There are 2 protein chains.
Amino acid sequence: MPDSIERVNSATAPAATLDRIETPALVLDADKLERNVARLTARLESLGVGLRPHVKTAKSIDVARRLFAQGRGPITVSTIREAEYFADAGLTDIVYGVGLAPDKLERLGALAARGIDVMVILDAVEQAVAVAQAARAGGPMPSVLIEIDCDGHRGGLVPDDPRIVAIARILREGGVDLRGVLTHAGESYACRGGVGLPEAAEAERAAALTAAGLLRSHGYPCPIVSVGSTPTAHFARDLAGVTEVRAGVFVFFDLVMHGIGVCTIDDIALSVLATVIGHKPEKGWILVDAGWMAMSRDRGTARHPVDQGYGVVCDIQGNPHPDVIVVDASQEHGTVAIRPGSGAKLPQLPIGSRVRILPNHACATGAQHDQYHVVRGGGRQILATWPRMRGW
Amino acid sequence: MPDSIERVNSATAPAATLDRIETPALVLDADKLERNVARLTARLESLGVGLRPHVKTAKSIDVARRLFAQGRGPITVSTIREAEYFADAGLTDIVYGVGLAPDKLERLGALAARGIDVMVILDAVEQAVAVAQAARAGGPMPSVLIEIDCDGHRGGLVPDDPRIVAIARILREGGVDLRGVLTHAGESYACRGGVGLPEAAEAERAAALTAAGLLRSHGYPCPIVSVGSTPTAHFARDLAGVTEVRAGVFVFFDLVMHGIGVCTIDDIALSVLATVIGHKPEKGWILVDAGWMAMSRDRGTARHPVDQGYGVVCDIQGNPHPDVIVVDASQEHGTVAIRPGSGAKLPQLPIGSRVRILPNHACATGAQHDQYHVVRGGGRQILATWPRMRGW
C-alpha cells in the first residue's frame, strides 16, 4: 500500500481546503479507508482466504491501489466499462459479477483478447449455450463461474440444481473454461446489529461448497469457490473450502452497514461536504446545498431501528452533531433537523457554514460525484483529488 | 422549435438501434417531449404568462433548444455549473433557483461580468448583506429575487414577513438590482390524481402577489413575479399578476407526475432500455441489467395509491406490459415481477430480450446517465444522441 497519498496528488492546488472548495463535494478520509482495508484484509488472512474486492463502490483506481499497491487484482466489477477501466489501469484479474447478457460477449471477448483474465457469471443453460457458441465461432472468450443461490435473494441456481452440471457440460463441449462457482449472501443486508450474520456467512459457504462438490463429483475441477458480501465477510467464522471472498462497501462503510452491525459511525470514510443556505427556525430546519443529487435517493436506513434520513450531519472535521440528520431532500436542497423524538438541540450553523454528511449507502452517494477530495483524520486540507469513473 | 432532430445528430452511427446499443441506456422519445412542451407552452400562453423552464431535469442544451429554438432563455437552473453550461450555449437569462451560499458569489459574479443576466434567490438578511458587500467591493453582481414561502414546504419568507422589506432596503443601499419575488409550491407534490392542485396554484399565486404588493407599497418596483412547479403549472386557472411560471419535469414527465394526476403514462418521454439477464420462475422474477444505478434510488411512488416500484416495464417500443414493474433493485440488477395483487401474467422475455422501463422520477433517473438516445414514436432507430451535463 502506498505510504503517501501526496505521491499521487497531481490535480489539486496546494491551498485547497474543506473551507474553500465548491460544495457539495465528496470527501474521503484516507485514514479510515486504510483502516477499513487493513481490518478486512487481516481478518481474511487469519481465515486463510483471499479477498476479491468489488470495485463498484469506489470506481477509482486510486482507491483500488489502496487494496493492491502492486499486482493485477483480483477484483470484481459490476459493469463492462468498469472492467475496461480497471484493465487499462493494470488490474487484469476480473470477475464481472452481474448475470451475463449475451450481447455483452463482444466487449468481454475483446478484453479476453487483450490477455485480461476476465470471468463472467451465469445461471442459465441459454447463457452457457451463448458463450459456447461464441467460443466456437473463434477468438478468446471470458472464463465462467456458475452463479449459486444461497439465500433466495436474487439470481443463481440452488446448490444441488442439476442444471449446474448441464451448464458445465455445455461449457466444456464449447471449449469454455469453467473456473468454479460464485455466490452472494444478499439477504445478509436484512440483518440488524450483527445478529444472524455468522449464520448467513456459514450458509453462503455451505451453498458454494455444495455446488463445488457437485461439479467435482462430475469431473469438473472447480478451482474457484467465491463467496461474499461485506456483512458476511466480517462475520464468517470458518471459510474452509472457500478460495476467495468478495466485498465492496467495506472500503468506505456507511450508515446501512452501521445499522447492520458491521461498522461504527466512526469507521465511515465517505461524506458529503455541504454549505448552509437557509434557516426555518419555526420548523426547526437548517437548509444545506446537498440534496438528493449529492446524497443520492438512497434511504437504506428507512426500515432500520434508527432511521438516518438522508444522512448524519457532522461538523467540517467529521464529528457527528448529536442526533442531527438530513430529514428531507430535494434535488439540490437538504433539510437538516433533529432526529424525531430526540431532545437534542440544533447546533448554531449560520448561513455559509459547512457540514459533512455521512451517507446511507456509499455506493449510491459516491455515484453522484466525479471525484473524491481526500483528507486525513480531522484535517481540512485536501491532500489529493481522485477521479471516479462511471457509465456502462 | 427545430423541425428535425436529424439536423443535430452528429454523434451516432446511422445503424444504431434500440436492439443493438449497450444497455442500460437512457431513451428519450422526442415526439412525447415535443408534445409535452407544446402542451404547457400553449396553456401558459392562453393564461397570458411566460414560461421559465427549470433545466435541471434534462441538463441538456439539445432539450433546452426544444423550448427555445432561438433566444436567450429564460431558464431556471439548480447549480452554478448548469448556469455556466447553459450560458456557454447561449442561454443567458438565468435564475439560479437554490438559496444563495455567499461562497458562490465569486462564480456568479464572473457570470454577471460576462454579461449573463443571472439572478439569485435569497430569504435572509445575512445573504442580502453578503451580496451588497460583494457589490460594494466592485464588479458585477447577480440580480436578486426574494424567495417567498407559499406552503411551508422548504425555504422562503412568508409573504407578509417584514424582513422582505428589510432585505430590499439592504440590496438597494448596496446597489444590487432587486428584480422581484419567487415562490414554489413544493407541497403540490403531495396531491394525488389532480385533487387540490388548482387550489395549490392559487395559493402560490396569492403568496407571490402579496409579497410583490408589500415590496411595491414600500417603493420597490418588483418587475418579476415568479411562481411554479410542474403540478401547479398544469392546473392554475388564473395567473393574473404573475409574470413567469417555472416548471421542470414537464418536458419528460414520470410516474410520480402520473400519480399526482398531471400526465398519462403515455406522456412519459423518458425510459431506460434494459436487457433480460436471468429468470427465477419459482419466485415470479425476471432479472434485467438495469438496477438502481440506471434507474436511481428514487421511490417517489412508494406512498402513492399505485406503487410503481422502481419503474413500469414496457416492450422495446415503449408499450407497457400490463402490471409489470421493477419490484426491487440492486446496483446493476433490476427484479421485474407482476405488481403485487394483480392477476396479470409475466410476459415471455427470454434472456437477451429487451425492455424499456418508465422512471418514477425523470430528474433522478436522467442524472444517472451521460446521454439521451433519441427515438420517435414506436421507432427503434436512434435518431440522435444528446449529451447531459452534471456536477456543481
# chains A, B, ... in the order shown; residues from 1 in each chain; ligands from 1
call {"tool": "residues_around", "arguments": {"residues": "segment 155-158 of chain A", "least_positions_apart": "2", "cutoff": "8 Å", "atoms": "only C-alpha atoms", "output": "MDAnalysis selection string"}}
result
(chainID A and resid 99 122:123 146:150 152:153 160:161 163:164 183 207) or (chainID B and resid 278:280 287)
call {"tool": "write_last_selection", "arguments": {"atoms": "C-alpha atoms", "output": "mmCIF file, in the first residue's frame"}}
result
data_model
loop_
_atom_site.group_PDB
_atom_site.id
_atom_site.type_symbol
_atom_site.label_atom_id
_atom_site.label_comp_id
_atom_site.auth_asym_id
_atom_site.auth_seq_id
_atom_site.Cartn_x
_atom_site.Cartn_y
_atom_site.Cartn_z
ATOM 1 C CA GLY A 99 -25.512 -12.250 -14.829
ATOM 2 C CA LEU A 122 -24.255 -17.221 -15.398
ATOM 3 C CA ASP A 123 -27.037 -19.432 -14.102
ATOM 4 C CA ILE A 146 -21.668 -20.574 -12.246
ATOM 5 C CA GLU A 147 -23.820 -18.376 -10.022
ATOM 6 C CA ILE A 148 -25.267 -20.150 -6.983
ATOM 7 C CA ASP A 149 -28.258 -19.008 -4.947
ATOM 8 C CA CYS A 150 -27.508 -19.319 -1.207
ATOM 9 C CA GLY A 152 -33.144 -16.700 -2.371
ATOM 10 C CA HIS A 153 -32.008 -13.118 -2.690
ATOM 11 C CA ASP A 160 -27.950 -29.081 -5.946
ATOM 12 C CA ASP A 161 -29.717 -27.971 -9.124
ATOM 13 C CA ARG A 163 -28.582 -27.590 -14.357
ATOM 14 C CA ILE A 164 -25.225 -26.810 -12.722
ATOM 15 C CA THR A 183 -22.494 -16.922 -4.520
ATOM 16 C CA ALA A 207 -24.025 -23.341 -0.645
ATOM 17 C CA GLY B 278 -31.974 -14.111 -15.793
ATOM 18 C CA HIS B 279 -35.161 -15.775 -14.560
ATOM 19 C CA LYS B 280 -36.398 -17.067 -11.237
ATOM 20 C CA LEU B 287 -33.816 -10.111 -13.812
#
call {"tool": "interface_residues", "arguments": {"of": "chain B", "to": "chain A", "cutoff": "6 Å", "atoms": "only C-alpha atoms", "output": "ChimeraX atom specification"}}
result
/B:99-101,277,297-298,352
call {"tool": "write_last_selection", "arguments": {"atoms": "N, CA and C atoms", "output": "PDB file, in the first residue's frame"}}
result
ATOM      1  N   GLY B  99     -31.309  28.626  -2.714  1.00  0.00           N
ATOM      2  CA  GLY B  99     -30.910  29.700  -1.800  1.00  0.00           C
ATOM      3  C   GLY B  99     -29.403  29.926  -1.820  1.00  0.00           C
ATOM      4  N   LEU B 100     -29.028  31.188  -1.794  1.00  0.00           N
ATOM      5  CA  LEU B 100     -27.638  31.567  -2.045  1.00  0.00           C
ATOM      6  C   LEU B 100     -26.709  31.214  -0.891  1.00  0.00           C
ATOM      7  N   ALA B 101     -25.631  30.479  -1.202  1.00  0.00           N
ATOM      8  CA  ALA B 101     -24.478  30.377  -0.297  1.00  0.00           C
ATOM      9  C   ALA B 101     -23.516  31.480  -0.715  1.00  0.00           C
ATOM     10  N   ILE B 277     -31.398 -10.647 -18.100  1.00  0.00           N
ATOM     11  CA  ILE B 277     -30.182 -11.409 -17.790  1.00  0.00           C
ATOM     12  C   ILE B 277     -30.461 -12.652 -16.950  1.00  0.00           C
ATOM     13  N   ARG B 297     -32.223   5.608  -7.139  1.00  0.00           N
ATOM     14  CA  ARG B 297     -32.857   5.034  -5.954  1.00  0.00           C
ATOM     15  C   ARG B 297     -34.218   5.668  -5.680  1.00  0.00           C
ATOM     16  N   ASP B 298     -34.700   6.505  -6.570  1.00  0.00           N
ATOM     17  CA  ASP B 298     -35.943   7.232  -6.294  1.00  0.00           C
ATOM     18  C   ASP B 298     -37.133   6.272  -6.229  1.00  0.00           C
ATOM     19  N   GLY B 352     -31.622 -12.035 -22.921  1.00  0.00           N
ATOM     20  CA  GLY B 352     -31.175 -11.281 -24.091  1.00  0.00           C
ATOM     21  C   GLY B 352     -32.246 -10.381 -24.675  1.00  0.00           C
TER      22      GLY B 352
END
call {"tool": "residues_around", "arguments": {"residues": "Leu171 of chain B", "least_positions_apart": "5", "cutoff": "12 Å", "atoms": "only C-alpha atoms", "output": "PyMOL selection string"}}
result
chain B and resi 122+124-136+141-146+164-166+176-180+220
call {"tool": "closest_residue", "arguments": {"among": "B:Ala203, B:Ala87, B:Gln381, B:Pro359", "to": "Phe235 of chain B", "atoms": "only C-alpha atoms"}}
result
B:Ala203
call {"tool": "atom_distance", "arguments": {"atom1": "atom CA of Ala200 of chain A", "atom2": "atom CA of Glu187 of chain A"}}
result
8.0 Å
call {"tool": "closest_residue", "arguments": {"among": "A:Leu28, A:Leu111, A:Ala290, A:Val63", "to": "Ile382 of chain A", "atoms": "only C-alpha atoms"}}
result
A:Leu28
call {"tool": "closest_residue", "arguments": {"among": "A:Ile316, A:Ala240, A:Met389, A:Ala302", "to": "Glu84 of chain A", "atoms": "only C-alpha atoms"}}
result
A:Met389
call {"tool": "atom_distance", "arguments": {"atom1": "atom CA of Gly109 of chain A", "atom2": "atom CA of Leu214 of chain A"}}
result
28.3 Å
call {"tool": "residues_around", "arguments": {"residues": "His321 of chain A", "least_positions_apart": "6", "cutoff": "8 Å", "atoms": "only C-alpha atoms", "output": "VMD selection string"}}
result
chain A and resid 312 to 315 347
